[in-house]
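Colleague: Compact mmCIF, C-alpha atoms, file run-v6.txt:
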# COMPACT_ATOMS: atom_id res chain seq x y z
CA MET A 167 -84.56 130.42 -58.27
CA LYS A 168 -85.90 127.40 -60.13
CA LYS A 169 -84.93 125.15 -57.22
CA LEU A 170 -86.67 127.49 -54.78
CA CYS A 171 -89.87 127.46 -56.84
CA THR A 172 -89.79 123.68 -56.95
CA LEU A 173 -89.39 123.48 -53.17
CA LEU A 174 -92.31 125.90 -52.67
CA LEU A 175 -94.53 123.86 -54.96
CA VAL A 176 -93.66 120.67 -53.10
CA ALA A 177 -94.36 122.36 -49.75
CA PHE A 178 -97.72 123.65 -51.03
CA ALA A 179 -98.68 120.23 -52.34
CA PHE A 180 -97.72 118.62 -49.02
CA THR A 181 -99.76 121.18 -47.07
CA SER A 182 -102.77 120.62 -49.30
CA VAL A 183 -102.58 116.85 -48.92
CA SER A 184 -102.09 117.18 -45.16
CA PHE A 185 -105.17 119.40 -44.85
CA ALA A 186 -107.25 117.02 -46.93
CA GLN A 187 -106.20 114.16 -44.68
CA THR A 188 -106.95 115.93 -41.40
CA ALA A 189 -110.03 118.02 -42.22
CA LYS A 190 -113.19 116.64 -40.66
CA THR A 191 -116.73 117.27 -41.85
CA TRP A 192 -119.62 117.38 -39.40
CA ASN A 193 -123.22 117.33 -40.63
CA VAL A 194 -126.33 118.55 -38.82
CA ASP A 195 -128.26 115.71 -37.18
CA LYS A 196 -131.66 117.19 -38.00
CA MET A 197 -133.52 114.74 -35.78
CA HIS A 198 -131.74 116.09 -32.71
CA SER A 199 -131.43 119.77 -33.64
CA GLY A 200 -133.76 122.75 -33.65
CA LEU A 201 -134.03 126.39 -34.73
CA LYS A 202 -136.31 128.61 -32.67
CA PHE A 203 -137.00 132.33 -32.56
CA SER A 204 -139.00 134.83 -30.53
CA VAL A 205 -140.21 138.37 -31.15
CA SER A 206 -142.08 140.83 -28.97
CA HIS A 207 -145.80 141.32 -29.53
CA LEU A 208 -147.74 144.43 -28.43
CA VAL A 209 -144.62 145.33 -26.41
CA ILE A 210 -145.95 143.32 -23.44
CA SER A 211 -145.25 139.71 -24.47
CA GLU A 212 -143.42 137.48 -26.93
CA VAL A 213 -144.44 135.12 -29.72
CA ASP A 214 -142.31 132.03 -30.33
CA GLY A 215 -141.77 130.14 -33.54
CA SER A 216 -139.45 127.74 -35.29
CA PHE A 217 -138.23 126.58 -38.67
CA LYS A 218 -138.80 122.88 -39.19
CA ILE A 219 -136.57 122.30 -42.23
CA PHE A 220 -132.88 123.24 -42.22
CA ASP A 221 -129.49 121.75 -43.01
CA GLY A 222 -125.82 122.52 -42.58
CA ASN A 223 -122.29 121.32 -42.08
CA MET A 224 -119.05 122.25 -40.41
CA VAL A 225 -115.50 121.57 -41.62
CA THR A 226 -112.61 121.77 -39.16
CA THR A 227 -109.07 120.49 -38.65
CA LYS A 228 -108.84 121.25 -34.92
CA ASP A 229 -110.26 119.22 -32.05
CA ASP A 230 -111.46 122.42 -30.35
CA PHE A 231 -113.29 123.53 -33.56
CA SER A 232 -111.59 126.95 -33.45
CA ASP A 233 -110.96 126.94 -37.21
CA ALA A 234 -114.42 125.66 -38.12
CA LYS A 235 -116.07 126.77 -41.36
CA ILE A 236 -119.86 126.60 -41.01
CA ASN A 237 -122.60 126.66 -43.64
CA PHE A 238 -126.29 126.63 -42.78
CA THR A 239 -129.51 126.88 -44.82
CA VAL A 240 -133.12 127.29 -43.70
CA ASP A 241 -136.31 126.58 -45.64
CA VAL A 242 -138.41 129.70 -45.05
CA ASN A 243 -141.61 127.86 -45.97
CA SER A 244 -141.11 125.62 -42.95
CA ILE A 245 -141.81 128.48 -40.52
CA ASN A 246 -144.19 127.44 -37.74
CA THR A 247 -145.74 129.63 -35.04
CA ASP A 248 -148.65 127.27 -34.32
CA ASN A 249 -151.02 129.59 -36.18
CA GLU A 250 -151.73 128.90 -39.84
CA SER A 251 -152.96 132.40 -40.62
CA ARG A 252 -149.94 134.05 -39.00
CA ASP A 253 -147.55 131.65 -40.73
CA GLY A 254 -149.13 132.57 -44.06
CA HIS A 255 -148.62 136.26 -43.31
CA LEU A 256 -144.98 135.65 -42.38
CA LYS A 257 -144.41 133.89 -45.71
CA SER A 258 -145.92 136.81 -47.62
CA ASP A 259 -144.10 139.85 -49.00
CA ASP A 260 -144.86 141.74 -45.77
CA PHE A 261 -142.16 139.61 -44.18
CA PHE A 262 -140.05 136.83 -45.75
CA ASN A 263 -141.62 136.60 -49.23
CA ALA A 264 -141.00 132.87 -49.19
CA GLU A 265 -142.10 132.42 -52.79
CA LYS A 266 -139.35 134.68 -54.14
CA PHE A 267 -136.77 134.07 -51.39
CA PRO A 268 -137.34 130.48 -50.19
CA LYS A 269 -134.01 130.10 -48.37
CA MET A 270 -132.11 131.82 -45.59
CA THR A 271 -128.38 131.14 -45.58
CA PHE A 272 -125.53 131.59 -43.14
CA VAL A 273 -121.83 131.32 -44.00
CA SER A 274 -119.31 131.74 -41.19
CA THR A 275 -116.23 133.95 -41.39
CA SER A 276 -114.78 133.05 -37.98
CA PHE A 277 -115.41 130.77 -35.02
CA LYS A 278 -113.27 131.80 -32.05
CA LYS A 279 -112.97 130.26 -28.62
CA LYS A 280 -113.56 132.91 -25.95
CA SER A 281 -113.27 131.05 -22.64
CA GLY A 282 -114.12 127.59 -21.39
CA ALA A 283 -116.97 126.21 -23.49
CA MET A 284 -117.93 129.60 -24.95
CA TYR A 285 -117.24 130.62 -28.55
CA GLU A 286 -118.02 133.59 -30.78
CA LEU A 287 -119.42 132.80 -34.22
CA VAL A 288 -119.30 135.53 -36.88
CA GLY A 289 -120.65 135.22 -40.39
CA ASN A 290 -122.89 136.49 -43.15
CA LEU A 291 -126.63 135.94 -42.85
CA THR A 292 -128.74 136.33 -45.99
CA ILE A 293 -132.51 136.89 -45.80
CA ARG A 294 -134.59 138.15 -48.76
CA ASP A 295 -131.37 138.54 -50.77
CA VAL A 296 -129.98 140.96 -48.15
CA THR A 297 -126.71 139.92 -46.55
CA LYS A 298 -125.56 141.29 -43.19
CA LYS A 299 -122.75 140.42 -40.80
CA VAL A 300 -124.05 138.79 -37.61
CA THR A 301 -122.50 137.52 -34.39
CA PHE A 302 -123.74 134.59 -32.30
CA ALA A 303 -122.67 133.44 -28.87
CA VAL A 304 -122.09 129.68 -28.94
CA LYS A 305 -121.84 127.21 -26.09
CA TYR A 306 -120.04 123.96 -26.87
CA GLY A 307 -121.78 121.10 -25.08
CA GLY A 308 -119.10 118.45 -25.69
CA THR A 309 -118.34 115.52 -27.96
CA THR A 310 -119.36 111.90 -27.42
CA LYS A 311 -120.39 108.71 -29.20
CA ASP A 312 -124.03 107.68 -29.49
CA PRO A 313 -125.22 104.08 -28.91
CA TYR A 314 -124.58 103.32 -32.59
CA GLY A 315 -120.94 104.37 -32.57
CA ASN A 316 -121.48 107.74 -34.28
CA THR A 317 -119.40 110.65 -33.00
CA LYS A 318 -121.56 113.66 -32.08
CA ALA A 319 -120.77 117.22 -31.00
CA GLY A 320 -123.32 119.57 -29.43
CA PHE A 321 -123.61 123.36 -29.74
CA LYS A 322 -126.12 126.02 -28.69
CA ALA A 323 -126.01 129.34 -30.57
CA THR A 324 -127.92 132.46 -29.53
CA GLY A 325 -128.14 135.85 -31.18
CA THR A 326 -130.35 138.76 -32.19
CA ILE A 327 -131.01 140.39 -35.55
CA ASN A 328 -133.04 143.41 -36.58
CA ARG A 329 -135.67 142.19 -39.05
CA LEU A 330 -136.09 145.67 -40.55
CA GLU A 331 -132.53 145.52 -41.90
CA TYR A 332 -133.52 142.50 -44.00
CA GLY A 333 -136.65 143.99 -45.50
CA LEU A 334 -139.16 142.36 -43.12
CA LYS A 335 -140.76 145.76 -42.58
CA TRP A 336 -144.46 145.19 -41.90
CA ASN A 337 -145.70 146.79 -38.72
CA THR A 338 -148.50 148.78 -37.16
CA LEU A 339 -148.85 150.59 -33.87
CA THR A 340 -150.88 149.96 -30.74
CA GLU A 341 -153.13 152.63 -29.24
CA ALA A 342 -150.28 153.51 -26.91
CA GLY A 343 -147.90 153.99 -29.84
CA GLY A 344 -145.86 150.83 -29.42
CA SER A 345 -145.04 148.39 -32.20
CA VAL A 346 -147.36 145.43 -32.65
CA VAL A 347 -144.36 143.36 -33.78
CA GLY A 348 -140.91 144.10 -32.40
CA SER A 349 -137.98 144.79 -34.69
CA ASP A 350 -135.52 142.50 -32.88
CA ILE A 351 -135.71 138.74 -33.40
CA ASP A 352 -133.94 136.47 -30.93
CA PHE A 353 -132.63 133.18 -32.31
CA THR A 354 -131.73 130.00 -30.45
CA VAL A 355 -130.14 127.23 -32.51
CA ASN A 356 -129.52 123.86 -30.86
CA LEU A 357 -127.28 121.73 -33.03
CA GLU A 358 -126.16 118.16 -32.72
CA MET A 359 -123.46 117.60 -35.32
CA ALA A 360 -122.50 114.13 -36.59
CA LEU A 361 -118.98 113.37 -37.76
CA ALA A 362 -119.11 112.20 -41.36
CA LYS A 363 -117.72 108.72 -41.92
Can you dump the structure from the file as structure tokens?

Modeller:
Amino acid sequence: MKKLCTLLLVAFAFTSVSFAQTAKTWNVDKMHSGLKFSVSHLVISEVDGSFKIFDGNMVTTKDDFSDAKINFTVDVNSINTDNESRDGHLKSDDFFNAEKFPKMTFVSTSFKKKSGAMYELVGNLTIRDVTKKVTFAVKYGGTTKDPYGNTKAGFKATGTINRLEYGLKWNTLTEAGGSVVGSDIDFTVNLEMALAK
């Protein structure tokens, strides 16, 4: 039994060292990435916006990224809809309450290859201290080297969340009875990831 325990400990140690040697960390290239969203307005149109400040990384041991662990944070105060008054309202307690909850976070639980360049990303999204499971469709754009010798990988993630589930509950109705602001928010995240050296 003692010999078996010793062998298991050696195997565990070898596995841990092997993982440490092969795991690769990719960091968001913020200059070449973007986070945009859209929401319906008056039922008849959409308003677009973005978050200007965000960060994240991805750790993986596989070349196809299928075991990737992804962490992402967003600075709520960086919201921008090209309207200062509206941005102020979105930062207030009617929506994000950026003063009390200045960050949105996403932590992945799985990243599975579906077919070709398409993946399914599942994880926990936290807004206003409320955490919900979300699913994003991800398109892998490929991996290449930039002119400076840095290895880059490109991804485009799209998904929809219901803002009401996260406590962003402000709304009023039009004369016809429709919502001034829709409950569903569509996200598009374009990420260029740089392999850490």

Colleague: What is the CA of Asp352 in chain A to CA of Phe203 in chain A distance in Å?

Modeller: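 Here the two named atoms are 5.4 Å from each other.
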
Colleague: A:Val205, A:Ile219, A:Val288, A:Ala264: which is nearest Ser349 in chain A, counting all atoms listed in the file?

Modeller: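 Smallest separation from Ser349 in chain A among the options: A:Val205.
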
Colleague: For a quick check of understanding, using only C-alpha atoms, which of A:Thr301, A:Thr275, A:Ser199, A:Lys363 has the smallest distance to Gly315 in chain A?

Modeller: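 Checking each candidate against Gly315 in chain A, we get A:Lys363 as the closest.
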
Colleague: The residues within 10 Å of (-147.0, 143.7, -48.0), using all atoms listed in the file and the coordinates of the file, should be reported as a PDB file with C-alpha atoms, keeping the file's coordinate frame; which are they?

Modeller:
ATOM      1  CA  HIS A 255    -148.620 136.260 -43.310  1.00  0.00           C
ATOM      2  CA  SER A 258    -145.920 136.810 -47.620  1.00  0.00           C
ATOM      3  CA  ASP A 259    -144.100 139.850 -49.000  1.00  0.00           C
ATOM      4  CA  ASP A 260    -144.860 141.740 -45.770  1.00  0.00           C
ATOM      5  CA  PHE A 261    -142.160 139.610 -44.180  1.00  0.00           C
ATOM      6  CA  ASN A 263    -141.620 136.600 -49.230  1.00  0.00           C
ATOM      7  CA  LEU A 334    -139.160 142.360 -43.120  1.00  0.00           C
ATOM      8  CA  LYS A 335    -140.760 145.760 -42.580  1.00  0.00           C
ATOM      9  CA  TRP A 336    -144.460 145.190 -41.900  1.00  0.00           C
ATOM     10  CA  ASN A 337    -145.700 146.790 -38.720  1.00  0.00           C
TER      11      ASN A 337
END

Colleague: Residues near Asp229 in chain A, anyone? I mean within 12 Å using only C-alpha atoms, not counting same-chain ones fewer than 2 positions away, as a list in words.

Modeller: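 That gives Thr188, Ala189, Lys190, Thr191, Val225, Thr226, Thr227, Phe231, Ser232, Asp233, Ala234, Lys279, Gly308, Thr309, Ala319 and Leu361 of chain A.
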
Colleague: Using CA of Ala362 in chain A and CA of Phe238 in chain A as the two end points, give the distance in Å to one decimal.

Modeller: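 CA of Ala362 in chain A sits 16.2 Å away from CA of Phe238 in chain A.
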
Colleague: Find the distance between CA of Phe262 in chain A and CA of Ser244 in chain A and write it in Å to one decimal.

Modeller: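 Going from CA of Phe262 in chain A over to CA of Ser244 in chain A, I get 11.6 Å.
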